[in-house]
Amino acid sequence: MWNPPASAIASRDDQRAVRLGAGNPELAAMVAAASRTGPSLMMFHVDIDHFASVNENMSAEVGDQALVLIAERLRAFIDGRGKLWRHGSDEFLIAVERSANVPPPEELAEQIRQQIELPLSVLPYTLFLTGKVGVSLCPEHATNATALLDMAEDAVQQAAREGGNSVHLHVLHKPSSAYSESIISRQLVDAIDNGELRLRYQPLVSARDGHVVGMEALLRWQSPTLGMLVPERFMRTAERLGIIVQIGAWVLEMTLRQARFWRDQGFENFNVAVNVSTLQLLRPNFHSEVMAMLQSIGVPPRMLTLEINESALTNNVNFVHETLANLRNEGISLCLDNFGTGDSSLSALVRYPVDKLKIDRSFIKSAPAANREAAISRAIIAMGHQLGMTVIANGVESQAQLGFLRRNDCDVFQGYLFGEPMSADAAGMTLRRRYLRPEAFAETRPDRTLLLLDDEENVLRSLVRLFRRDGYRILAAGNVRDAFDLLAINDVQVILSDQRMSDMSGTEFLGRVKMLYPDTIRLVLSGYTDLNTVTDAINRGAIYRFLTKPWNDDDLREHIRQAFRTHDERRGIGQA
């Protein structure tokens, strides 16, 4: 339970009241005053992005301390101009009266967001968090606390839909989808000239030790009417209007200028990745334009990676091949983006001079536990290595996904586990750190690790007590998903699984484990005997032994000892 100091945040009574909307007397009084005579009130809903991963991967204690420090920072930033409350597990509410010396709502919201983005020291970690801020106004949007809070929450959810790490002002009358498209078409033409395009950078991390090896530039558009938009919202319109080439050229130039700035600061051993549209590749002078830009800005070709969608490889094959070959011969890296979701054939990997392969996030999301996604991910990694390519996993968000990908020799990681798309300043600080989450890359201890899986809590506790006396490193899971996560993160030698569980049978689970972790020794412990299932599992090599409940303690301990001996013999370690 989080216990913030009184100096950092409103009291627990206030925290409890703010969840009740108008039931918070202090907020209700501020809203009532703004409704009657002014000054008007700004309500900010602050949501920390993906904060659950901090608790999951670094411990709840680290997460609690981080929230205390964020509260202290926000309170110092407000400095008497308003009130701050805790709202939910990782959210805050801020109410500020509008006055001459207070910035406009969206500008103040952006300053609040930047406070979240500053590095946070929670020993032994330095956290780089991001957040989104939703804004509502009283009396413009609502004249009671409950409605005002609802509108601020709606605004923060809209910020999340637009990619997170942004601010959004509540829109009283939301435009229809068709009307939004009309706005996009009308405003996008002038987006470059009006300075509305933004770049965010997401780290690329070496699988060997967590070293930051690059940054991918990701485009955002700050629409004057619709707020911050991700490319999925406007790039098709840009293509239809014929301005996608100009936008692509702007992204490339700004990214290279940023790379030059970082290089001048002493950062050499990294590259920047930029997405390239099909229409850019089909330009007759694209190769010469890229080289001229590199030369004028002063960035060596080796520092640039161009990311290409699979669909680009199906257009004007000979010309695209020539363009890519010329770029590759200059030392520019070429990455096939979102691999596995396009419509090109595998022969394209042989035909085109691509040297990097990025696995689409849809395969990474369920890879540790899902049989098909795991198989596809492993196959892509193996195929990429056979072709001499560097394989990048996109969308790495959990320690389990990281462990699974490392054990299957993926080369580079990108995803929220290491950082959301961030500003250039925050990306520069990330480069300065050099390593992200080094604790996640520590070598696994050579312990004898036993994984126990049973969905009956009392049985699981009994097994843990039984085997603890034998000095094993014991991992316990009450369901199949947790077991897969533990397997992804840890080097497990022996698995003892129950047979009848709610989500999957033991033999089915161990059959999947055999494919993903064939070196494990797998045993089933069950009070129910289905001879056909057991025989089939043994014949397929899915299980090593089938043991029955109730068990004899000494016999069961001997079976596990023998399983570890078998593992050692198969690995050539020798008898234990």
# chains A, B, ... in the order shown; residues from 1 in each chain; ligands from 1
>>> residues_around(residues="range 503-506 of chain A", least_positions_apart="3", cutoff="12 Å", atoms="only C-alpha atoms", output="PyMOL selection string")
chain A and resi 369+452-455+478-483+495-500+509-513+522-530+533-534+537+542-543+545-547
>>> select_by_dssp(residues="range 189-341 of chain A", states="strand (DSSP E)", output="ChimeraX atom specification")
/A:197-206,212-223,227-229,271-276,304-309,333-339
>>> closest_residue(among="A:Gly88, A:Pro550, A:Pro203, A:Gly266", to="Leu436 in chain A", atoms="only C-alpha atoms")
A:Pro203
>>> closest_residue(among="A:Glu216, A:Glu181, A:Glu91, A:Glu373", to="Met235 in chain A", atoms="only C-alpha atoms")
A:Glu181
>>> residues_around(residues="Ile78 in chain A", least_positions_apart="3", cutoff="10 Å", atoms="only C-alpha atoms", output="ChimeraX atom specification")
/A:73-75,81-84,94-96,108,112
>>> closest_atom_pairs(of="range 205-274 of chain A", to="range 407-423 of chain A", cutoff="8 Å", atoms="only C-alpha atoms", output="CSV")
residue,atom,partner,partner_atom,distance
A:Val205,CA,A:Phe413,CA,5.1
A:Ser206,CA,A:Val412,CA,4.7
A:Ala207,CA,A:Val412,CA,5.1
A:Arg208,CA,A:Asp411,CA,7.4
A:Leu218,CA,A:Pro421,CA,7.2
>>> residues_around(residues="range 302-307 of chain A", least_positions_apart="6", cutoff="10 Å", atoms="only C-alpha atoms", output="JSON list (two decimals) with all heavy atoms, in the first residue's frame")
[["chain", "number", "residue", "atom", "x", "y", "z"],
["A", 214, "GLY", "N", 20.56, 2.22, -31.05],
["A", 214, "GLY", "CA", 19.94, 3.10, -32.02],
["A", 214, "GLY", "C", 18.65, 3.70, -31.51],
["A", 214, "GLY", "O", 18.19, 3.41, -30.40],
["A", 215, "MET", "N", 18.07, 4.56, -32.36],
["A", 215, "MET", "CA", 16.79, 5.19, -32.09],
["A", 215, "MET", "C", 15.95, 5.15, -33.37],
["A", 215, "MET", "O", 16.46, 5.50, -34.44],
["A", 215, "MET", "CB", 16.97, 6.66, -31.67],
["A", 215, "MET", "CG", 17.60, 6.84, -30.32],
["A", 215, "MET", "SD", 16.39, 6.58, -29.01],
["A", 215, "MET", "CE", 17.46, 6.71, -27.56],
["A", 216, "GLU", "N", 14.70, 4.72, -33.26],
["A", 216, "GLU", "CA", 13.80, 4.84, -34.40],
["A", 216, "GLU", "C", 13.01, 6.13, -34.28],
["A", 216, "GLU", "O", 12.44, 6.44, -33.23],
["A", 216, "GLU", "CB", 12.82, 3.67, -34.48],
["A", 216, "GLU", "CG", 11.91, 3.80, -35.72],
["A", 216, "GLU", "CD", 10.88, 2.70, -35.87],
["A", 216, "GLU", "OE1", 10.84, 1.80, -35.02],
["A", 216, "GLU", "OE2", 10.12, 2.75, -36.86],
["A", 252, "LEU", "N", 13.05, 12.45, -42.68],
["A", 252, "LEU", "CA", 14.44, 12.03, -42.88],
["A", 252, "LEU", "C", 15.41, 13.16, -42.55],
["A", 252, "LEU", "O", 16.40, 12.95, -41.84],
["A", 252, "LEU", "CB", 14.63, 11.58, -44.34],
["A", 252, "LEU", "CG", 16.04, 11.09, -44.72],
["A", 252, "LEU", "CD1", 16.47, 9.92, -43.84],
["A", 252, "LEU", "CD2", 16.08, 10.70, -46.20],
["A", 255, "THR", "N", 15.47, 13.92, -38.75],
["A", 255, "THR", "CA", 16.12, 12.82, -38.01],
["A", 255, "THR", "C", 17.63, 12.88, -38.19],
["A", 255, "THR", "O", 18.39, 12.69, -37.23],
["A", 255, "THR", "CB", 15.58, 11.47, -38.49],
["A", 255, "THR", "OG1", 14.16, 11.42, -38.32],
["A", 255, "THR", "CG2", 16.21, 10.33, -37.71],
["A", 256, "LEU", "N", 18.07, 13.15, -39.41],
["A", 256, "LEU", "CA", 19.51, 13.24, -39.65],
["A", 256, "LEU", "C", 20.12, 14.44, -38.93],
["A", 256, "LEU", "O", 21.24, 14.36, -38.41],
["A", 256, "LEU", "CB", 19.79, 13.32, -41.15],
["A", 256, "LEU", "CG", 19.50, 12.04, -41.94],
["A", 256, "LEU", "CD1", 19.76, 12.25, -43.43],
["A", 256, "LEU", "CD2", 20.32, 10.86, -41.42],
["A", 259, "ALA", "N", 20.50, 13.33, -35.45],
["A", 259, "ALA", "CA", 21.64, 12.41, -35.35],
["A", 259, "ALA", "C", 22.96, 13.17, -35.36],
["A", 259, "ALA", "O", 23.90, 12.82, -34.64],
["A", 259, "ALA", "CB", 21.59, 11.40, -36.50],
["A", 260, "ARG", "N", 23.03, 14.21, -36.20],
["A", 260, "ARG", "CA", 24.26, 15.02, -36.24],
["A", 260, "ARG", "C", 24.48, 15.73, -34.90],
["A", 260, "ARG", "O", 25.61, 15.80, -34.40],
["A", 260, "ARG", "CB", 24.15, 16.05, -37.37],
["A", 260, "ARG", "CG", 25.27, 17.09, -37.41],
["A", 260, "ARG", "CD", 26.65, 16.43, -37.59],
["A", 260, "ARG", "NE", 27.72, 17.38, -37.38],
["A", 260, "ARG", "CZ", 28.29, 18.10, -38.35],
["A", 260, "ARG", "NH1", 27.85, 17.97, -39.61],
["A", 260, "ARG", "NH2", 29.27, 18.92, -38.09],
["A", 263, "ARG", "N", 25.75, 13.23, -32.53],
["A", 263, "ARG", "CA", 27.13, 12.88, -32.91],
["A", 263, "ARG", "C", 28.10, 13.96, -32.44],
["A", 263, "ARG", "O", 29.19, 13.67, -31.94],
["A", 263, "ARG", "CB", 27.21, 12.70, -34.42],
["A", 263, "ARG", "CG", 28.55, 12.11, -34.88],
["A", 263, "ARG", "CD", 28.50, 11.77, -36.35],
["A", 263, "ARG", "NE", 29.74, 11.13, -36.77],
["A", 263, "ARG", "CZ", 30.50, 11.57, -37.76],
["A", 263, "ARG", "NH1", 30.14, 12.64, -38.45],
["A", 263, "ARG", "NH2", 31.61, 10.94, -38.08],
["A", 268, "GLU", "N", 28.74, 8.14, -31.00],
["A", 268, "GLU", "CA", 29.14, 7.65, -32.32],
["A", 268, "GLU", "C", 28.55, 6.29, -32.64],
["A", 268, "GLU", "O", 28.10, 6.05, -33.76],
["A", 268, "GLU", "CB", 30.67, 7.56, -32.40],
["A", 268, "GLU", "CG", 31.37, 8.88, -32.61],
["A", 268, "GLU", "CD", 31.34, 9.32, -34.07],
["A", 268, "GLU", "OE1", 30.92, 8.52, -34.93],
["A", 268, "GLU", "OE2", 31.74, 10.47, -34.34],
["A", 269, "ASN", "N", 28.55, 5.41, -31.66],
["A", 269, "ASN", "CA", 28.21, 4.01, -31.91],
["A", 269, "ASN", "C", 26.71, 3.76, -31.81],
["A", 269, "ASN", "O", 26.24, 3.05, -30.93],
["A", 269, "ASN", "CB", 28.98, 3.12, -30.93],
["A", 269, "ASN", "CG", 28.87, 1.65, -31.29],
["A", 269, "ASN", "OD1", 28.63, 1.31, -32.44],
["A", 269, "ASN", "ND2", 29.01, 0.79, -30.30],
["A", 270, "PHE", "N", 25.94, 4.39, -32.70],
["A", 270, "PHE", "CA", 24.50, 4.17, -32.75],
["A", 270, "PHE", "C", 24.01, 4.54, -34.15],
["A", 270, "PHE", "O", 24.73, 5.13, -34.95],
["A", 270, "PHE", "CB", 23.77, 5.03, -31.70],
["A", 270, "PHE", "CG", 23.64, 6.48, -32.07],
["A", 270, "PHE", "CD1", 22.46, 6.96, -32.61],
["A", 270, "PHE", "CD2", 24.70, 7.35, -31.90],
["A", 270, "PHE", "CE1", 22.34, 8.29, -32.98],
["A", 270, "PHE", "CE2", 24.59, 8.68, -32.25],
["A", 270, "PHE", "CZ", 23.41, 9.16, -32.79],
["A", 271, "ASN", "N", 22.76, 4.13, -34.45],
["A", 271, "ASN", "CA", 22.17, 4.52, -35.73],
["A", 271, "ASN", "C", 20.75, 5.01, -35.52],
["A", 271, "ASN", "O", 20.16, 4.76, -34.47],
["A", 271, "ASN", "CB", 22.22, 3.37, -36.75],
["A", 271, "ASN", "CG", 21.36, 2.20, -36.32],
["A", 271, "ASN", "OD1", 20.14, 2.27, -36.35],
["A", 271, "ASN", "ND2", 22.00, 1.10, -35.91],
["A", 272, "VAL", "N", 20.25, 5.73, -36.50],
["A", 272, "VAL", "CA", 18.86, 6.19, -36.46],
["A", 272, "VAL", "C", 18.09, 5.48, -37.57],
["A", 272, "VAL", "O", 18.60, 5.27, -38.67],
["A", 272, "VAL", "CB", 18.76, 7.72, -36.63],
["A", 272, "VAL", "CG1", 19.27, 8.42, -35.39],
["A", 272, "VAL", "CG2", 19.50, 8.21, -37.86],
["A", 273, "ALA", "N", 16.87, 5.07, -37.25],
["A", 273, "ALA", "CA", 16.03, 4.35, -38.20],
["A", 273, "ALA", "C", 14.86, 5.24, -38.61],
["A", 273, "ALA", "O", 14.24, 5.88, -37.75],
["A", 273, "ALA", "CB", 15.51, 3.04, -37.58],
["A", 274, "VAL", "N", 14.58, 5.27, -39.91],
["A", 274, "VAL", "CA", 13.52, 6.11, -40.45],
["A", 274, "VAL", "C", 12.67, 5.26, -41.38],
["A", 274, "VAL", "O", 13.19, 4.53, -42.23],
["A", 274, "VAL", "CB", 14.10, 7.31, -41.24],
["A", 274, "VAL", "CG1", 12.98, 8.14, -41.85],
["A", 274, "VAL", "CG2", 14.97, 8.17, -40.33],
["A", 275, "ASN", "N", 11.35, 5.35, -41.24],
["A", 275, "ASN", "CA", 10.45, 4.65, -42.14],
["A", 275, "ASN", "C", 10.38, 5.34, -43.49],
["A", 275, "ASN", "O", 10.31, 6.57, -43.56],
["A", 275, "ASN", "CB", 9.04, 4.59, -41.53],
["A", 275, "ASN", "CG", 8.96, 3.58, -40.41],
["A", 275, "ASN", "OD1", 8.77, 2.39, -40.63],
["A", 275, "ASN", "ND2", 9.12, 4.05, -39.18],
["A", 276, "VAL", "N", 10.39, 4.55, -44.55],
["A", 276, "VAL", "CA", 10.35, 5.07, -45.92],
["A", 276, "VAL", "C", 9.11, 4.53, -46.61],
["A", 276, "VAL", "O", 8.86, 3.32, -46.58],
["A", 276, "VAL", "CB", 11.62, 4.67, -46.70],
["A", 276, "VAL", "CG1", 11.53, 5.13, -48.14],
["A", 276, "VAL", "CG2", 12.86, 5.26, -46.03],
["A", 277, "SER", "N", 8.33, 5.40, -47.22],
["A", 277, "SER", "CA", 7.12, 4.97, -47.91],
["A", 277, "SER", "C", 7.44, 4.40, -49.29],
["A", 277, "SER", "O", 8.51, 4.65, -49.86],
["A", 277, "SER", "CB", 6.16, 6.16, -48.08],
["A", 277, "SER", "OG", 6.69, 7.09, -49.00],
["A", 294, "LEU", "N", 22.59, 13.29, -46.56],
["A", 294, "LEU", "CA", 23.59, 12.81, -45.62],
["A", 294, "LEU", "C", 24.86, 13.66, -45.69],
["A", 294, "LEU", "O", 25.42, 14.05, -44.66],
["A", 294, "LEU", "CB", 23.95, 11.35, -45.94],
["A", 294, "LEU", "CG", 22.94, 10.28, -45.52],
["A", 294, "LEU", "CD1", 23.25, 8.96, -46.20],
["A", 294, "LEU", "CD2", 22.94, 10.10, -44.00],
["A", 324, "LEU", "N", 17.37, 0.01, -53.79],
["A", 324, "LEU", "CA", 17.83, -0.55, -52.52],
["A", 324, "LEU", "C", 19.28, -0.98, -52.60],
["A", 324, "LEU", "O", 20.06, -0.78, -51.66],
["A", 324, "LEU", "CB", 16.94, -1.72, -52.12],
["A", 324, "LEU", "CG", 15.48, -1.38, -51.79],
["A", 324, "LEU", "CD1", 14.71, -2.65, -51.43],
["A", 324, "LEU", "CD2", 15.38, -0.38, -50.65],
["A", 327, "LEU", "N", 21.53, 2.06, -52.36],
["A", 327, "LEU", "CA", 21.58, 2.56, -50.99],
["A", 327, "LEU", "C", 22.44, 1.66, -50.11],
["A", 327, "LEU", "O", 23.26, 2.15, -49.31],
["A", 327, "LEU", "CB", 20.16, 2.65, -50.41],
["A", 327, "LEU", "CG", 19.25, 3.72, -51.02],
["A", 327, "LEU", "CD1", 17.80, 3.48, -50.60],
["A", 327, "LEU", "CD2", 19.69, 5.12, -50.60],
["A", 328, "ARG", "N", 22.27, 0.35, -50.26],
["A", 328, "ARG", "CA", 23.04, -0.60, -49.46],
["A", 328, "ARG", "C", 24.53, -0.51, -49.78],
["A", 328, "ARG", "O", 25.38, -0.60, -48.88],
["A", 328, "ARG", "CB", 22.53, -2.02, -49.71],
["A", 328, "ARG", "CG", 23.14, -3.08, -48.79],
["A", 328, "ARG", "CD", 22.58, -2.93, -47.40],
["A", 328, "ARG", "NE", 23.26, -3.81, -46.46],
["A", 328, "ARG", "CZ", 24.32, -3.47, -45.74],
["A", 328, "ARG", "NH1", 24.82, -2.25, -45.84],
["A", 328, "ARG", "NH2", 24.88, -4.31, -44.90],
["A", 330, "GLU", "N", 26.12, 2.04, -50.51],
["A", 330, "GLU", "CA", 26.67, 3.26, -49.90],
["A", 330, "GLU", "C", 26.91, 3.09, -48.40],
["A", 330, "GLU", "O", 27.47, 3.98, -47.76],
["A", 330, "GLU", "CB", 25.69, 4.43, -50.11],
["A", 330, "GLU", "CG", 25.43, 4.78, -51.56],
["A", 330, "GLU", "CD", 26.57, 5.54, -52.21],
["A", 330, "GLU", "OE1", 27.59, 5.79, -51.52],
["A", 330, "GLU", "OE2", 26.46, 5.87, -53.41],
["A", 331, "GLY", "N", 26.49, 1.97, -47.84],
["A", 331, "GLY", "CA", 26.68, 1.72, -46.42],
["A", 331, "GLY", "C", 25.45, 1.95, -45.57],
["A", 331, "GLY", "O", 25.49, 1.82, -44.34],
["A", 332, "ILE", "N", 24.32, 2.29, -46.19],
["A", 332, "ILE", "CA", 23.06, 2.48, -45.46],
["A", 332, "ILE", "C", 22.44, 1.12, -45.17],
["A", 332, "ILE", "O", 22.39, 0.25, -46.05],
["A", 332, "ILE", "CB", 22.09, 3.35, -46.30],
["A", 332, "ILE", "CG1", 22.67, 4.75, -46.48],
["A", 332, "ILE", "CG2", 20.72, 3.41, -45.64],
["A", 332, "ILE", "CD1", 21.89, 5.60, -47.47],
["A", 333, "SER", "N", 21.97, 0.91, -43.94],
["A", 333, "SER", "CA", 21.31, -0.34, -43.59],
["A", 333, "SER", "C", 19.85, -0.31, -44.06],
["A", 333, "SER", "O", 19.22, 0.75, -44.06],
["A", 333, "SER", "CB", 21.34, -0.56, -42.07],
["A", 333, "SER", "OG", 22.65, -0.83, -41.64],
["A", 334, "LEU", "N", 19.34, -1.47, -44.43],
["A", 334, "LEU", "CA", 17.96, -1.60, -44.88],
["A", 334, "LEU", "C", 17.26, -2.63, -44.00],
["A", 334, "LEU", "O", 17.75, -3.75, -43.81],
["A", 334, "LEU", "CB", 17.91, -2.04, -46.34],
["A", 334, "LEU", "CG", 18.63, -1.13, -47.34],
["A", 334, "LEU", "CD1", 18.63, -1.75, -48.73],
["A", 334, "LEU", "CD2", 17.99, 0.25, -47.38],
["A", 335, "CYS", "N", 16.11, -2.25, -43.47],
["A", 335, "CYS", "CA", 15.36, -3.11, -42.55],
["A", 335, "CYS", "C", 13.98, -3.37, -43.12],
["A", 335, "CYS", "O", 13.28, -2.43, -43.51],
["A", 335, "CYS", "CB", 15.25, -2.45, -41.18],
["A", 335, "CYS", "SG", 14.28, -3.38, -39.98],
["A", 336, "LEU", "N", 13.58, -4.63, -43.18],
["A", 336, "LEU", "CA", 12.23, -4.99, -43.60],
["A", 336, "LEU", "C", 11.33, -4.94, -42.38],
["A", 336, "LEU", "O", 11.46, -5.73, -41.45],
["A", 336, "LEU", "CB", 12.23, -6.39, -44.22],
["A", 336, "LEU", "CG", 10.98, -6.78, -45.03],
["A", 336, "LEU", "CD1", 10.72, -5.78, -46.14],
["A", 336, "LEU", "CD2", 11.15, -8.17, -45.61],
["A", 337, "ASP", "N", 10.41, -3.96, -42.36],
["A", 337, "ASP", "CA", 9.60, -3.66, -41.19],
["A", 337, "ASP", "C", 8.37, -4.55, -41.13],
["A", 337, "ASP", "O", 7.86, -5.01, -42.15],
["A", 337, "ASP", "CB", 9.19, -2.18, -41.25],
["A", 337, "ASP", "CG", 8.70, -1.66, -39.91],
["A", 337, "ASP", "OD1", 8.95, -2.32, -38.88],
["A", 337, "ASP", "OD2", 8.08, -0.58, -39.89],
["A", 338, "ASN", "N", 7.89, -4.79, -39.89],
["A", 338, "ASN", "CA", 6.63, -5.53, -39.66],
["A", 338, "ASN", "C", 6.61, -6.86, -40.41],
["A", 338, "ASN", "O", 5.60, -7.22, -41.01],
["A", 338, "ASN", "CB", 5.43, -4.68, -40.07],
["A", 338, "ASN", "CG", 5.37, -3.36, -39.34],
["A", 338, "ASN", "OD1", 5.71, -3.29, -38.17],
["A", 338, "ASN", "ND2", 4.95, -2.32, -40.02],
["A", 354, "VAL", "N", 18.34, -6.61, -48.19],
["A", 354, "VAL", "CA", 17.95, -6.19, -46.85],
["A", 354, "VAL", "C", 18.85, -6.87, -45.82],
["A", 354, "VAL", "O", 19.11, -8.07, -45.92],
["A", 354, "VAL", "CB", 16.47, -6.54, -46.58],
["A", 354, "VAL", "CG1", 16.06, -6.16, -45.17],
["A", 354, "VAL", "CG2", 15.57, -5.84, -47.60],
["A", 355, "ASP", "N", 19.33, -6.11, -44.83],
["A", 355, "ASP", "CA", 20.24, -6.71, -43.85],
["A", 355, "ASP", "C", 19.67, -6.77, -42.44],
["A", 355, "ASP", "O", 20.31, -7.27, -41.52],
["A", 355, "ASP", "CB", 21.58, -5.96, -43.83],
["A", 355, "ASP", "CG", 21.43, -4.48, -43.51],
["A", 355, "ASP", "OD1", 20.48, -3.86, -44.02],
["A", 355, "ASP", "OD2", 22.26, -3.95, -42.77],
["A", 356, "LYS", "N", 18.43, -6.25, -42.26],
["A", 356, "LYS", "CA", 17.77, -6.32, -40.96],
["A", 356, "LYS", "C", 16.33, -6.76, -41.16],
["A", 356, "LYS", "O", 15.71, -6.41, -42.16],
["A", 356, "LYS", "CB", 17.82, -4.97, -40.24],
["A", 356, "LYS", "CG", 19.22, -4.50, -39.87],
["A", 356, "LYS", "CD", 19.18, -3.14, -39.18],
["A", 356, "LYS", "CE", 20.59, -2.67, -38.83],
["A", 356, "LYS", "NZ", 20.59, -1.33, -38.19],
["A", 357, "LEU", "N", 15.82, -7.47, -40.17],
["A", 357, "LEU", "CA", 14.46, -8.01, -40.23],
["A", 357, "LEU", "C", 13.78, -7.67, -38.91],
["A", 357, "LEU", "O", 14.29, -7.99, -37.84],
["A", 357, "LEU", "CB", 14.53, -9.52, -40.42],
["A", 357, "LEU", "CG", 13.34, -10.26, -41.03],
["A", 357, "LEU", "CD1", 13.04, -9.74, -42.41],
["A", 357, "LEU", "CD2", 13.65, -11.75, -41.08],
["A", 358, "LYS", "N", 12.63, -7.00, -38.98],
["A", 358, "LYS", "CA", 11.92, -6.62, -37.76],
["A", 358, "LYS", "C", 10.65, -7.46, -37.63],
["A", 358, "LYS", "O", 9.74, -7.36, -38.45],
["A", 358, "LYS", "CB", 11.59, -5.13, -37.75],
["A", 358, "LYS", "CG", 10.89, -4.67, -36.47],
["A", 358, "LYS", "CD", 10.64, -3.17, -36.46],
["A", 358, "LYS", "CE", 11.90, -2.40, -36.13],
["A", 358, "LYS", "NZ", 11.60, -0.96, -35.90]]
>>> atom_distance(atom1="CA of Val251 in chain A", atom2="CA of Arg186 in chain A")
20.6 Å
>>> closest_residue(among="A:Gln187, A:Gln115, A:Arg200, A:Ala249", to="Pro224 in chain A", atoms="only C-alpha atoms")
A:Gln187
>>> residues_around(residues="range 125-127 of chain A", least_positions_apart="3", cutoff="12 Å", atoms="only C-alpha atoms", output="PyMOL selection string")
chain A and resi 51+53-54+57-59+62-63+65-67+69-70+116-122+130+417-420+426+429-430+433+435-440
